[in-house]
Amino acid sequence: MGKTIAEKILSAKSGTDAKTGQIVVADVDYVMVNDVTGPIAFREYAKIGSSKMYKDRMVLIPDHYVPNKDIASAVQAKEMRDFANEHQVKNYYEVGRGGVCHQLMVEEGFAAPGRLIVGADSHTCTYGAVNALSTGIGSTEAAVVFATGKLWFKVPESIKVELTGKFRPHVDGKDLIIQIITDIGVDGANYKAFEFHGPGVANMTVADRLCVSNMAIEAGGKAGIFPCDALTEAYIKDKVRGTYTPVAADPDAHYCRTLTYDLGQIEPMVAFPHLPSNGHKVKDTNVVIDQAYLGSCTNGRIEDMRAAAKVVKGRKVAPNVRFLVVPASQRVYRQMLDEGLMQIFLDCGAFISGPTCGACLGGYMGILAKGERAVSSTNRNFIGRMGDKDSEVYLANPETVAASAIAGRIVTPDQLEGQ
Amino acid sequence: MTGKQIEGKVWRFGDNVDTDQIIPAERLVSTNLDHLNDFIFEKVRPGFGQQVKKGDVLVAGRNFGCGSSREHAPRSLMEAGFSVIVAESFARIFYRNSMNIGLLLVECKTNAAEGDRLQVDTAAGTVKDLTTDRQWTFEKYPPFIQELVDAGGLVNLVKEGKF
């Protein structure tokens, strides 16, 4: 029988004939940790007492609580900086030269087709968009990769997602993935990999694919893998480091389940509190908001900023709303300046910050008070995710977030036109 | 293979308990690493960390530990004193994290209620509710996972030269 992409990559990296259900030990191309997960990994690495360190495979990215939120986070960020200095780890991205880890992993060319990448952050599955097998792990296992260059993996079953058609205006990858999670539930893909197929894939930008792969974990997925096509090659051309080998599934590969979506039928979606699977069509809802958040590893890319800027251009943020715009990296920030997007967001009354995970995880820079509601382009709407346990997060695409900031309630750009 | 027999008092949770509930993001700073147990479930069950006694058992429904990869979640539960977590299913990263740091997980659907005495036998593959006298069975770990459990986590396995 043929193999899925996950089976092929794990076979190649483990030097075995890896099949679904087996546990293999495989060579890892890159391991990433952030300022929250790094400190535990550094302690565990010391416990291992290894004389080896696979430095070239390690990527250290402070992003959750930097620029330092308070003294405790300053201590934490310093731990990573000190570790990088002490061990001469060159892939360390200081504040001002970095950004949100998953955006950087793609921008800096660590993510590439056929690679096996792990990261101590659950949204590491993002790089499936560029045909990598990448997945979130814990700190202890990151430390083991530091010391050994390898890790154990259960070869996942794969869910085939067959895509046809093309998104309509104001609909994007975010709506597709919210629809998928709503259909299969937050554990619908637990321990499984999504594999995307069909003619619809070529109609999706790589930015859309990154958003979809990013949220594979919100259905419990180990990975969300796209094929490598002309769009992928063009997207990574100026970024990728080293050589890479695209991997395609065999025609007779086995899938545990097949889902089919016509992109043209997907509508703007909003996931209600407190699970990403609580998806509703935006047009069927009526939710007044206090805050609109545009940013994160899910939707903080230049494509997201352009789409949102188009919506708010020449308009004003609703009086009772704070509109926070947080580019996912310094590079995105600079592009926004170069393209005149900063002007548009400033003119509409938005607050713009440098890159940080900050408010997405309820860290800082936009925390919600009791009873407040936010529409957000992020990935999680769990209880208390962005602040008080009695605050609410509604997940939507960047254009919906932008339109909602203007309207003061959750709407699509189309609904805004009608006002 | 070695087996473990554990007996403890049940704390009951539902489905889709996420890691933000187990320990909120604002507690994830390295200065908290030696007292993570102070913060468990603080947003949804204030004061919970102080109520748990060493050896207690956490019982939950589907998809326990979904969400973030923060290893602080299983660490905080382990430090609070939980001897084992019994759930119908676990989210993937939480499962890996727990097994890799030596927190015992048992995948088993039960209807044990809060306050019941529960007995878990990993060699026999049984979960017994001593209060209601009901019993459930679970599948044993694959050999590699059993090795991890026996070693008490991945770091030990590496130190023993078995990885």
# chains A, B, ... in the order shown; residues from 1 in each chain; ligands from 1
call {"tool": "interface_residues", "arguments": {"of": "chain B", "to": "chain A", "cutoff": "8 Å", "atoms": "only C-alpha atoms", "output": "ChimeraX atom specification"}}
result
/B:16,18,20-21,24-26,28-31,43-44,63,66-71,91-93,96-97,100-101,144,154-156,158-159
call {"tool": "select_by_dssp", "arguments": {"residues": "segment 45-164 of chain A", "states": "strand (DSSP E or B)", "output": "ChimeraX atom specification"}}
result
/A:58-61,92,99,116-119,133-136,150-154,157-164
call {"tool": "select_by_dssp", "arguments": {"residues": "segment 107-343 of chain A", "states": "helix (DSSP H, G or I)", "output": "ChimeraX atom specification"}}
result
/A:107,122-130,139-148,173-184,201-203,206-219,230-236,263-265,282-284,296-299,302-312,330-338,341-343
call {"tool": "residues_around", "arguments": {"residues": "Asp121 of chain B", "least_positions_apart": "4", "cutoff": "7 Å", "atoms": "only C-alpha atoms", "output": "MDAnalysis selection string"}}
result
chainID B and resid 4:6 125:127
call {"tool": "closest_residue", "arguments": {"among": "B:Leu33, B:Val17, B:Val106, B:Ala112", "to": "Phe64 of chain B", "atoms": "only C-alpha atoms"}}
result
B:Val17
call {"tool": "residues_around", "arguments": {"residues": "segment 100-110 of chain A", "least_positions_apart": "3", "cutoff": "9 Å", "atoms": "only C-alpha atoms", "output": "VMD selection string"}}
result
chain A and resid 29 to 30 32 to 34 59 to 64 93 115 117 121 123 to 127 130 214 236 to 242 296 to 298 300 to 301 327 to 329 331 355 to 357
call {"tool": "residues_around", "arguments": {"residues": "Ile23 of chain B", "least_positions_apart": "6", "cutoff": "8 Å", "atoms": "only C-alpha atoms", "output": "PyMOL selection string"}}
result
chain B and resi 39-42+72-73+76
call {"tool": "write_last_selection", "arguments": {"atoms": "N, CA and C atoms", "output": "mmCIF file, in the first residue's frame"}}
result
data_model
loop_
_atom_site.group_PDB
_atom_site.id
_atom_site.type_symbol
_atom_site.label_atom_id
_atom_site.label_comp_id
_atom_site.auth_asym_id
_atom_site.auth_seq_id
_atom_site.Cartn_x
_atom_site.Cartn_y
_atom_site.Cartn_z
ATOM 1 N N PHE B 39 -1.219 27.410 41.070
ATOM 2 C CA PHE B 39 -2.086 28.094 40.102
ATOM 3 C C PHE B 39 -3.072 27.174 39.384
ATOM 4 N N ILE B 40 -3.082 25.881 39.710
ATOM 5 C CA ILE B 40 -3.899 24.981 38.898
ATOM 6 C C ILE B 40 -5.392 25.328 38.986
ATOM 7 N N PHE B 41 -5.999 25.385 37.833
ATOM 8 C CA PHE B 41 -7.433 25.660 37.677
ATOM 9 C C PHE B 41 -7.874 26.926 38.411
ATOM 10 N N GLU B 42 -6.978 27.889 38.594
ATOM 11 C CA GLU B 42 -7.306 29.038 39.437
ATOM 12 C C GLU B 42 -8.429 29.902 38.869
ATOM 13 N N HIS B 72 4.078 23.189 31.503
ATOM 14 C CA HIS B 72 3.690 23.645 32.837
ATOM 15 C C HIS B 72 2.386 22.964 33.275
ATOM 16 N N ALA B 73 1.524 22.597 32.322
ATOM 17 C CA ALA B 73 0.221 22.003 32.673
ATOM 18 C C ALA B 73 0.395 20.659 33.376
ATOM 19 N N SER B 76 2.348 21.091 36.684
ATOM 20 C CA SER B 76 1.619 21.687 37.807
ATOM 21 C C SER B 76 0.707 20.648 38.464
#
call {"tool": "atom_distance", "arguments": {"atom1": "atom CA of Lys313 of chain A", "atom2": "atom CA of Gly165 of chain A"}}
result
29.2 Å
call {"tool": "closest_residue", "arguments": {"among": "A:Gln330, A:Gln415, A:Asn320, A:Ser134", "to": "Ala374 of chain A", "atoms": "only C-alpha atoms"}}
result
A:Asn320
